[in-house]
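K.L.:
Just one file: run30.pdb, with PDB, C-alpha atoms.
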ATOM      1  CA  MET O   1       2.114  18.429  -5.697  1.00  0.00           C
ATOM      2  CA  PHE O   2       0.868  22.006  -5.962  1.00  0.00           C
ATOM      3  CA  LEU O   3      -2.521  20.762  -7.144  1.00  0.00           C
ATOM      4  CA  LEU O   4      -2.646  18.277  -4.279  1.00  0.00           C
ATOM      5  CA  TYR O   5      -1.943  21.036  -1.749  1.00  0.00           C
ATOM      6  CA  PHE O   6      -4.615  23.223  -3.316  1.00  0.00           C
ATOM      7  CA  LEU O   7      -7.127  20.369  -3.367  1.00  0.00           C
ATOM      8  CA  LEU O   8      -6.441  19.601   0.298  1.00  0.00           C
ATOM      9  CA  TRP O   9      -6.969  23.280   1.136  1.00  0.00           C
ATOM     10  CA  VAL O  10     -10.356  23.284  -0.572  1.00  0.00           C
ATOM     11  CA  ILE O  11     -11.401  19.984   1.037  1.00  0.00           C
ATOM     12  CA  PHE O  12     -10.404  21.132   4.524  1.00  0.00           C
ATOM     13  CA  ASN O  13     -12.369  24.378   4.063  1.00  0.00           C
ATOM     14  CA  GLY O  14     -15.527  22.494   3.185  1.00  0.00           C
ATOM     15  CA  ASN O  15     -16.774  24.889   0.525  1.00  0.00           C
ATOM     16  CA  PHE O  16     -15.444  26.760  -2.483  1.00  0.00           C
ATOM     17  CA  THR O  17     -15.520  30.542  -2.881  1.00  0.00           C
ATOM     18  CA  LEU O  18     -13.312  32.998  -4.705  1.00  0.00           C
ATOM     19  CA  GLU O  19     -11.689  34.037  -1.425  1.00  0.00           C
ATOM     20  CA  ILE O  20     -10.924  30.416  -0.467  1.00  0.00           C
ATOM     21  CA  ALA O  21      -9.532  29.772  -3.952  1.00  0.00           C
ATOM     22  CA  VAL O  22      -7.231  32.820  -3.851  1.00  0.00           C
ATOM     23  CA  PHE O  23      -5.926  32.030  -0.378  1.00  0.00           C
ATOM     24  CA  GLY O  24      -5.639  28.379  -1.411  1.00  0.00           C
ATOM     25  CA  VAL O  25      -3.430  29.245  -4.374  1.00  0.00           C
ATOM     26  CA  ILE O  26      -1.206  31.432  -2.177  1.00  0.00           C
ATOM     27  CA  ILE O  27      -0.916  28.873   0.611  1.00  0.00           C
ATOM     28  CA  ALA O  28      -0.422  25.966  -1.806  1.00  0.00           C
ATOM     29  CA  ALA O  29       2.340  27.940  -3.537  1.00  0.00           C
ATOM     30  CA  ALA O  30       4.040  28.641  -0.204  1.00  0.00           C
ATOM     31  CA  VAL O  31       3.865  24.998   0.892  1.00  0.00           C
ATOM     32  CA  PHE O  32       5.055  23.875  -2.556  1.00  0.00           C
ATOM     33  CA  ALA O  33       8.035  26.283  -2.348  1.00  0.00           C
ATOM     34  CA  PHE O  34       8.833  24.916   1.117  1.00  0.00           C
ATOM     35  CA  THR O  35       8.640  21.355  -0.256  1.00  0.00           C
ATOM     36  CA  CYS O  36      10.957  22.227  -3.138  1.00  0.00           C
ATOM     37  CA  LYS O  37      13.489  23.846  -0.849  1.00  0.00           C
ATOM     38  CA  PHE O  38      13.609  21.321   1.989  1.00  0.00           C
ATOM     39  CA  ALA O  39      12.339  18.016   0.559  1.00  0.00           C
ATOM     40  CA  ASP O  40      14.434  17.765  -2.618  1.00  0.00           C
ATOM     41  CA  TYR O  41      11.427  18.297  -4.857  1.00  0.00           C
ATOM     42  CA  SER O  42      11.238  20.386  -8.010  1.00  0.00           C
ATOM     43  CA  ILE O  43       8.974  21.443 -10.834  1.00  0.00           C
ATOM     44  CA  GLU O  44      10.895  19.048 -13.107  1.00  0.00           C
ATOM     45  CA  LYS O  45       9.943  16.166 -10.821  1.00  0.00           C
ATOM     46  CA  GLU O  46       6.359  17.406 -10.916  1.00  0.00           C
ATOM     47  CA  LYS O  47       6.400  17.342 -14.731  1.00  0.00           C
ATOM     48  CA  LEU O  48       7.895  13.847 -14.652  1.00  0.00           C
ATOM     49  CA  LEU O  49       5.121  12.725 -12.327  1.00  0.00           C
ATOM     50  CA  PHE O  50       2.442  14.010 -14.713  1.00  0.00           C
ATOM     51  CA  LYS O  51       4.246  12.456 -17.670  1.00  0.00           C
ATOM     52  CA  ASN O  52       4.216   9.041 -15.952  1.00  0.00           C
ATOM     53  CA  PHE O  53       0.789   9.393 -14.328  1.00  0.00           C
ATOM     54  CA  PHE O  54      -0.922   6.600 -16.285  1.00  0.00           C
ATOM     55  CA  ARG O  55       2.098   4.294 -15.982  1.00  0.00           C
ATOM     56  CA  ILE O  56       2.055   4.815 -12.214  1.00  0.00           C
ATOM     57  CA  LEU O  57      -1.698   4.135 -12.070  1.00  0.00           C
ATOM     58  CA  ARG O  58      -1.144   0.931 -14.044  1.00  0.00           C
ATOM     59  CA  TYR O  59       1.677  -0.033 -11.670  1.00  0.00           C
ATOM     60  CA  ILE O  60      -0.614   0.465  -8.666  1.00  0.00           C
ATOM     61  CA  ALA O  61      -3.385  -1.589 -10.303  1.00  0.00           C
ATOM     62  CA  VAL O  62      -0.967  -4.437 -11.080  1.00  0.00           C
ATOM     63  CA  LEU O  63       0.376  -4.218  -7.517  1.00  0.00           C
ATOM     64  CA  VAL O  64      -3.131  -4.649  -6.078  1.00  0.00           C
ATOM     65  CA  ILE O  65      -3.811  -7.602  -8.395  1.00  0.00           C
ATOM     66  CA  GLU O  66      -0.487  -9.234  -7.476  1.00  0.00           C
ATOM     67  CA  ILE O  67      -1.190  -8.736  -3.769  1.00  0.00           C
ATOM     68  CA  VAL O  68      -4.534 -10.519  -4.136  1.00  0.00           C
ATOM     69  CA  LYS O  69      -2.960 -13.353  -6.143  1.00  0.00           C
ATOM     70  CA  ALA O  70      -0.141 -13.720  -3.615  1.00  0.00           C
ATOM     71  CA  ASN O  71      -2.668 -13.836  -0.771  1.00  0.00           C
ATOM     72  CA  PHE O  72      -4.352 -16.820  -2.395  1.00  0.00           C
ATOM     73  CA  ALA O  73      -0.980 -18.482  -3.058  1.00  0.00           C
ATOM     74  CA  VAL O  74       0.101 -18.074   0.569  1.00  0.00           C
ATOM     75  CA  VAL O  75      -3.242 -19.323   1.900  1.00  0.00           C
ATOM     76  CA  HIS O  76      -3.011 -22.333  -0.427  1.00  0.00           C
ATOM     77  CA  LEU O  77       0.565 -22.960   0.670  1.00  0.00           C
ATOM     78  CA  ILE O  78      -0.404 -22.889   4.336  1.00  0.00           C
ATOM     79  CA  LEU O  79      -3.645 -24.865   4.090  1.00  0.00           C
ATOM     80  CA  THR O  80      -2.408 -27.630   1.810  1.00  0.00           C
ATOM     81  CA  GLN O  81       0.326 -29.225   3.805  1.00  0.00           C
ATOM     82  CA  GLU O  82       1.313 -31.552   0.952  1.00  0.00           C
ATOM     83  CA  GLU O  83       4.866 -30.290   0.973  1.00  0.00           C
ATOM     84  CA  GLU O  84       6.944 -28.794   3.719  1.00  0.00           C
ATOM     85  CA  ILE O  85       7.354 -25.035   3.461  1.00  0.00           C
ATOM     86  CA  GLU O  86      10.965 -24.183   2.608  1.00  0.00           C
ATOM     87  CA  PRO O  87      11.824 -20.523   3.187  1.00  0.00           C
ATOM     88  CA  ALA O  88      14.389 -19.020   0.857  1.00  0.00           C
ATOM     89  CA  LEU O  89      16.636 -15.980   0.845  1.00  0.00           C
ATOM     90  CA  VAL O  90      17.015 -14.662  -2.702  1.00  0.00           C
ATOM     91  CA  THR O  91      19.454 -12.053  -3.971  1.00  0.00           C
ATOM     92  CA  PHE O  92      18.953 -10.396  -7.331  1.00  0.00           C
ATOM     93  CA  ARG O  93      19.932  -7.273  -9.208  1.00  0.00           C
ATOM     94  CA  ALA O  94      17.498  -4.852 -10.840  1.00  0.00           C
ATOM     95  CA  ASP O  95      18.756  -2.245 -13.276  1.00  0.00           C
ATOM     96  CA  LEU O  96      16.821   0.725 -11.907  1.00  0.00           C
ATOM     97  CA  LYS O  97      18.412   4.161 -12.155  1.00  0.00           C
ATOM     98  CA  THR O  98      16.633   6.175  -9.460  1.00  0.00           C
ATOM     99  CA  ALA O  99      16.490   5.736  -5.713  1.00  0.00           C
ATOM    100  CA  ALA O 100      12.724   6.272  -5.852  1.00  0.00           C
ATOM    101  CA  GLY O 101      12.344   3.457  -8.387  1.00  0.00           C
ATOM    102  CA  ARG O 102      14.488   1.076  -6.332  1.00  0.00           C
ATOM    103  CA  THR O 103      12.549   1.943  -3.179  1.00  0.00           C
ATOM    104  CA  ALA O 104       9.186   1.521  -4.915  1.00  0.00           C
ATOM    105  CA  LEU O 105      10.256  -1.932  -6.121  1.00  0.00           C
ATOM    106  CA  ALA O 106      11.421  -2.924  -2.631  1.00  0.00           C
ATOM    107  CA  ASN O 107       8.113  -1.732  -1.172  1.00  0.00           C
ATOM    108  CA  ALA O 108       6.103  -3.617  -3.805  1.00  0.00           C
ATOM    109  CA  ILE O 109       7.971  -6.811  -2.949  1.00  0.00           C
ATOM    110  CA  THR O 110       7.367  -6.289   0.764  1.00  0.00           C
ATOM    111  CA  LEU O 111       3.672  -5.490   0.258  1.00  0.00           C
ATOM    112  CA  THR O 112       3.198  -8.749  -1.608  1.00  0.00           C
ATOM    113  CA  PRO O 113       2.352 -11.512   0.904  1.00  0.00           C
ATOM    114  CA  GLY O 114       5.008 -14.181   1.324  1.00  0.00           C
ATOM    115  CA  THR O 115       7.944 -11.904   0.474  1.00  0.00           C
ATOM    116  CA  ILE O 116       9.889  -9.314   2.446  1.00  0.00           C
ATOM    117  CA  THR O 117      12.701  -7.126   1.171  1.00  0.00           C
ATOM    118  CA  VAL O 118      15.394  -7.645   3.791  1.00  0.00           C
ATOM    119  CA  LEU O 119      18.159  -5.523   2.299  1.00  0.00           C
ATOM    120  CA  LEU O 120      18.593  -3.065  -0.548  1.00  0.00           C
ATOM    121  CA  GLU O 121      22.124  -1.944  -1.394  1.00  0.00           C
ATOM    122  CA  ASP O 122      22.489   0.076  -4.588  1.00  0.00           C
ATOM    123  CA  ASP O 123      20.664  -2.145  -7.103  1.00  0.00           C
ATOM    124  CA  VAL O 124      21.030  -5.462  -5.235  1.00  0.00           C
ATOM    125  CA  TYR O 125      17.950  -6.765  -3.436  1.00  0.00           C
ATOM    126  CA  THR O 126      17.908  -9.456  -0.774  1.00  0.00           C
ATOM    127  CA  VAL O 127      14.408 -10.875  -0.358  1.00  0.00           C
ATOM    128  CA  HIS O 128      13.103 -13.426   2.130  1.00  0.00           C
ATOM    129  CA  CYS O 129      10.445 -15.667   0.599  1.00  0.00           C
ATOM    130  CA  LEU O 130       8.066 -17.814   2.616  1.00  0.00           C
ATOM    131  CA  ASP O 131       8.664 -20.663   0.172  1.00  0.00           C
ATOM    132  CA  GLU O 132      11.090 -21.360  -2.662  1.00  0.00           C
ATOM    133  CA  SER O 133       8.171 -21.338  -5.123  1.00  0.00           C
ATOM    134  CA  LEU O 134       7.582 -17.653  -4.371  1.00  0.00           C
ATOM    135  CA  ALA O 135      11.211 -16.842  -5.205  1.00  0.00           C
ATOM    136  CA  GLU O 136      11.093 -17.990  -8.825  1.00  0.00           C
ATOM    137  CA  GLY O 137      11.599 -15.239 -11.393  1.00  0.00           C
ATOM    138  CA  MET O 138      11.966 -12.476  -8.829  1.00  0.00           C
ATOM    139  CA  ASN O 139      14.399 -10.460 -10.985  1.00  0.00           C
ATOM    140  CA  GLU O 140      12.116 -10.737 -14.028  1.00  0.00           C
ATOM    141  CA  SER O 141       8.898  -9.922 -12.188  1.00  0.00           C
ATOM    142  CA  VAL O 142       6.235  -7.631 -13.545  1.00  0.00           C
ATOM    143  CA  PHE O 143       7.218  -5.038 -10.931  1.00  0.00           C
ATOM    144  CA  VAL O 144      10.779  -4.784 -12.244  1.00  0.00           C
ATOM    145  CA  LYS O 145       9.623  -4.444 -15.856  1.00  0.00           C
ATOM    146  CA  MET O 146       7.001  -1.816 -15.044  1.00  0.00           C
ATOM    147  CA  MET O 147       9.372   0.230 -12.901  1.00  0.00           C
ATOM    148  CA  GLU O 148      11.957   0.187 -15.714  1.00  0.00           C
ATOM    149  CA  GLU O 149       9.204   1.360 -18.067  1.00  0.00           C
ATOM    150  CA  ILE O 150       8.283   4.206 -15.696  1.00  0.00           C
ATOM    151  CA  GLU O 151      11.920   5.307 -15.455  1.00  0.00           C
ATOM    152  CA  LYS O 152      12.400   5.162 -19.239  1.00  0.00           C
ATOM    153  CA  GLY O 153       9.135   7.018 -19.825  1.00  0.00           C
ATOM    154  CA  GLY O 154      10.424   9.994 -17.912  1.00  0.00           C
ATOM    155  CA  HIS O 155      13.528  10.480 -20.054  1.00  0.00           C
TER     156      HIS O 155
END
Before we go any further, please render this structure as structure tokens.
P.N.:
Amino acid sequence: MFLLYFLLWVIFNGNFTLEIAVFGVIIAAAVFAFTCKFADYSIEKEKLLFKNFFRILRYIAVLVIEIVKANFAVVHLILTQEEEIEPALVTFRADLKTAAGRTALANAITLTPGTITVLLEDDVYTVHCLDESLAEGMNESVFVKMMEEIEKGGH
């Protein structure tokens, strides 16, 4: 987060000099300290983020691919009226340890077309699916497995 604050400082200044760099380090440190104090952030979480950086990038790439695939599935479902669309409400449990991991999974489900996370209580998800076919294997999805891998990678 400190590096992000520093990078934003440099970008907003438009050029890079020694004076801008020194003030940038001071201001980034102050904003980082503020973030740690009031936003429940810490240097340990920063280290964990760097440790999982490539796993998180892979998760984002898979999320984008799944969004594109789900878009095609929903368009196909709507345009081919062979069968009647049968919405479904699915409840499943995911064994994720952190609130951030559970929230990221809920957001990934909601970002994927045809599914919306309706409720998240502890580790129980309630998801509305546009069709029953989209509900299959929800608790064993690639998102659940990758988020478990990210959480395990940090410990």
K.L.:
So that I can check the surroundings of region 128-134 of chain O, please list as a list in words every protein, DNA and RNA residue that reaches within 7 Å of it, counting only C-alpha atoms and ignoring chain neighbours fewer than 2 positions away.
P.N.:
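The neighbour list is Ile85, Glu86, Pro87, Ala88, Leu89, Val90, Gly114, Thr115, Ile116, Thr117, Val118, Thr126 and Glu136 of chain O.
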K.L.:
Return as a PyMOL selection string the set of residues that the PyMOL selection byres ((chain O and resi 91-107) around 10) yields on the displayed structure.
P.N.:
chain O and resi 88-90+108-112+116-128+135+137-140+143-152
K.L.:
I would like the residues chosen by the PyMOL selection byres ((chain O and resi 45) around 12) on the shown file; could you give them as an mmCIF file with C-alpha atoms, keeping the file's coordinate frame?
P.N.:
data_model
loop_
_atom_site.group_PDB
_atom_site.id
_atom_site.type_symbol
_atom_site.label_atom_id
_atom_site.label_comp_id
_atom_site.auth_asym_id
_atom_site.auth_seq_id
_atom_site.Cartn_x
_atom_site.Cartn_y
_atom_site.Cartn_z
ATOM 1 C CA MET O 1 2.114 18.429 -5.697
ATOM 2 C CA PHE O 2 0.868 22.006 -5.962
ATOM 3 C CA THR O 35 8.640 21.355 -0.256
ATOM 4 C CA CYS O 36 10.957 22.227 -3.138
ATOM 5 C CA ALA O 39 12.339 18.016 0.559
ATOM 6 C CA ASP O 40 14.434 17.765 -2.618
ATOM 7 C CA TYR O 41 11.427 18.297 -4.857
ATOM 8 C CA SER O 42 11.238 20.386 -8.010
ATOM 9 C CA ILE O 43 8.974 21.443 -10.834
ATOM 10 C CA GLU O 44 10.895 19.048 -13.107
ATOM 11 C CA GLU O 46 6.359 17.406 -10.916
ATOM 12 C CA LYS O 47 6.400 17.342 -14.731
ATOM 13 C CA LEU O 48 7.895 13.847 -14.652
ATOM 14 C CA LEU O 49 5.121 12.725 -12.327
ATOM 15 C CA PHE O 50 2.442 14.010 -14.713
ATOM 16 C CA LYS O 51 4.246 12.456 -17.670
ATOM 17 C CA ASN O 52 4.216 9.041 -15.952
ATOM 18 C CA PHE O 53 0.789 9.393 -14.328
ATOM 19 C CA ALA O 100 12.724 6.272 -5.852
ATOM 20 C CA GLU O 151 11.920 5.307 -15.455
ATOM 21 C CA GLY O 154 10.424 9.994 -17.912
ATOM 22 C CA HIS O 155 13.528 10.480 -20.054
#
K.L.:
With the PyMOL selection byres ((chain O and resi 4) around 12) as the selection, what would be picked from this file? Answer as a list of chain:residue names, please.
P.N.:
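Output of the PyMOL selection byres ((chain O and resi 4) around 12): O:Met1, O:Phe2, O:Leu3, O:Tyr5, O:Phe6, O:Leu7, O:Leu8, O:Trp9, O:Val10, O:Ile11, O:Gly24, O:Val25, O:Ile27, O:Ala28, O:Ala29, O:Val31, O:Phe32, O:Glu46.
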K.L.:
How many Å separate CA of Phe72 (chain O) from CA of Ile60 (chain O)?
P.N.:
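Rounded to one decimal, the two atoms are 18.8 Å apart.
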K.L.:
Quick one: distance from CA of Phe34 (chain O) to CA of Asn13 (chain O) in Å, one decimal?
P.N.:
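Computing the Euclidean distance for CA of Phe34 (chain O) and CA of Asn13 (chain O) yields 21.4 Å.
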K.L.:
I'd like the interatomic distance between CA of Pro113 (chain O) and CA of Val75 (chain O), to a tenth of an Å.
P.N.:
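So the two atoms, CA of Pro113 (chain O) and CA of Val75 (chain O), lie 9.7 Å apart.
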K.L.:
Taking N, CA, C and O atoms as the atom set, what does region 12-27 of chain O look like once completed, written as a short mmCIF file (atom, residue, chain, number, x, y, z; two decimals), keeping the file's coordinate frame?
P.N.:
data_model
loop_
_atom_site.label_atom_id
_atom_site.label_comp_id
_atom_site.auth_asym_id
_atom_site.auth_seq_id
_atom_site.Cartn_x
_atom_site.Cartn_y
_atom_site.Cartn_z
N PHE O 12 -10.40 20.80 3.09
CA PHE O 12 -10.40 21.13 4.52
C PHE O 12 -11.29 22.34 4.83
O PHE O 12 -11.80 22.46 5.94
N ASN O 13 -11.48 23.24 3.85
CA ASN O 13 -12.37 24.38 4.06
C ASN O 13 -13.84 23.99 3.97
O ASN O 13 -14.69 24.68 4.51
N GLY O 14 -14.15 22.97 3.24
CA GLY O 14 -15.53 22.49 3.18
C GLY O 14 -16.41 23.17 2.15
O GLY O 14 -17.51 22.68 1.89
N ASN O 15 -16.01 24.27 1.62
CA ASN O 15 -16.77 24.89 0.52
C ASN O 15 -15.80 25.62 -0.40
O ASN O 15 -14.61 25.70 -0.13
N PHE O 16 -16.31 26.15 -1.49
CA PHE O 16 -15.44 26.76 -2.48
C PHE O 16 -15.98 28.14 -2.84
O PHE O 16 -17.08 28.28 -3.37
N THR O 17 -15.20 29.17 -2.49
CA THR O 17 -15.52 30.54 -2.88
C THR O 17 -14.27 31.14 -3.52
O THR O 17 -13.19 30.55 -3.47
N LEU O 18 -14.45 32.32 -4.08
CA LEU O 18 -13.31 33.00 -4.70
C LEU O 18 -12.23 33.30 -3.67
O LEU O 18 -11.04 33.12 -3.92
N GLU O 19 -12.64 33.73 -2.48
CA GLU O 19 -11.69 34.04 -1.42
C GLU O 19 -10.90 32.79 -1.00
O GLU O 19 -9.68 32.84 -0.86
N ILE O 20 -11.59 31.67 -0.83
CA ILE O 20 -10.92 30.42 -0.47
C ILE O 20 -9.98 29.98 -1.57
O ILE O 20 -8.87 29.51 -1.31
N ALA O 21 -10.38 30.16 -2.83
CA ALA O 21 -9.53 29.77 -3.95
C ALA O 21 -8.27 30.63 -4.00
O ALA O 21 -7.17 30.10 -4.20
N VAL O 22 -8.39 31.93 -3.80
CA VAL O 22 -7.23 32.82 -3.85
C VAL O 22 -6.26 32.49 -2.72
O VAL O 22 -5.05 32.33 -2.94
N PHE O 23 -6.79 32.39 -1.51
CA PHE O 23 -5.93 32.03 -0.38
C PHE O 23 -5.34 30.62 -0.57
O PHE O 23 -4.20 30.37 -0.21
N GLY O 24 -6.11 29.74 -1.15
CA GLY O 24 -5.64 28.38 -1.41
C GLY O 24 -4.46 28.36 -2.36
O GLY O 24 -3.49 27.63 -2.15
N VAL O 25 -4.54 29.17 -3.42
CA VAL O 25 -3.43 29.24 -4.37
C VAL O 25 -2.18 29.80 -3.68
O VAL O 25 -1.07 29.27 -3.86
N ILE O 26 -2.35 30.83 -2.87
CA ILE O 26 -1.21 31.43 -2.18
C ILE O 26 -0.59 30.44 -1.19
O ILE O 26 0.63 30.25 -1.16
N ILE O 27 -1.42 29.81 -0.40
CA ILE O 27 -0.92 28.87 0.61
C ILE O 27 -0.31 27.63 -0.06
O ILE O 27 0.74 27.15 0.35
#
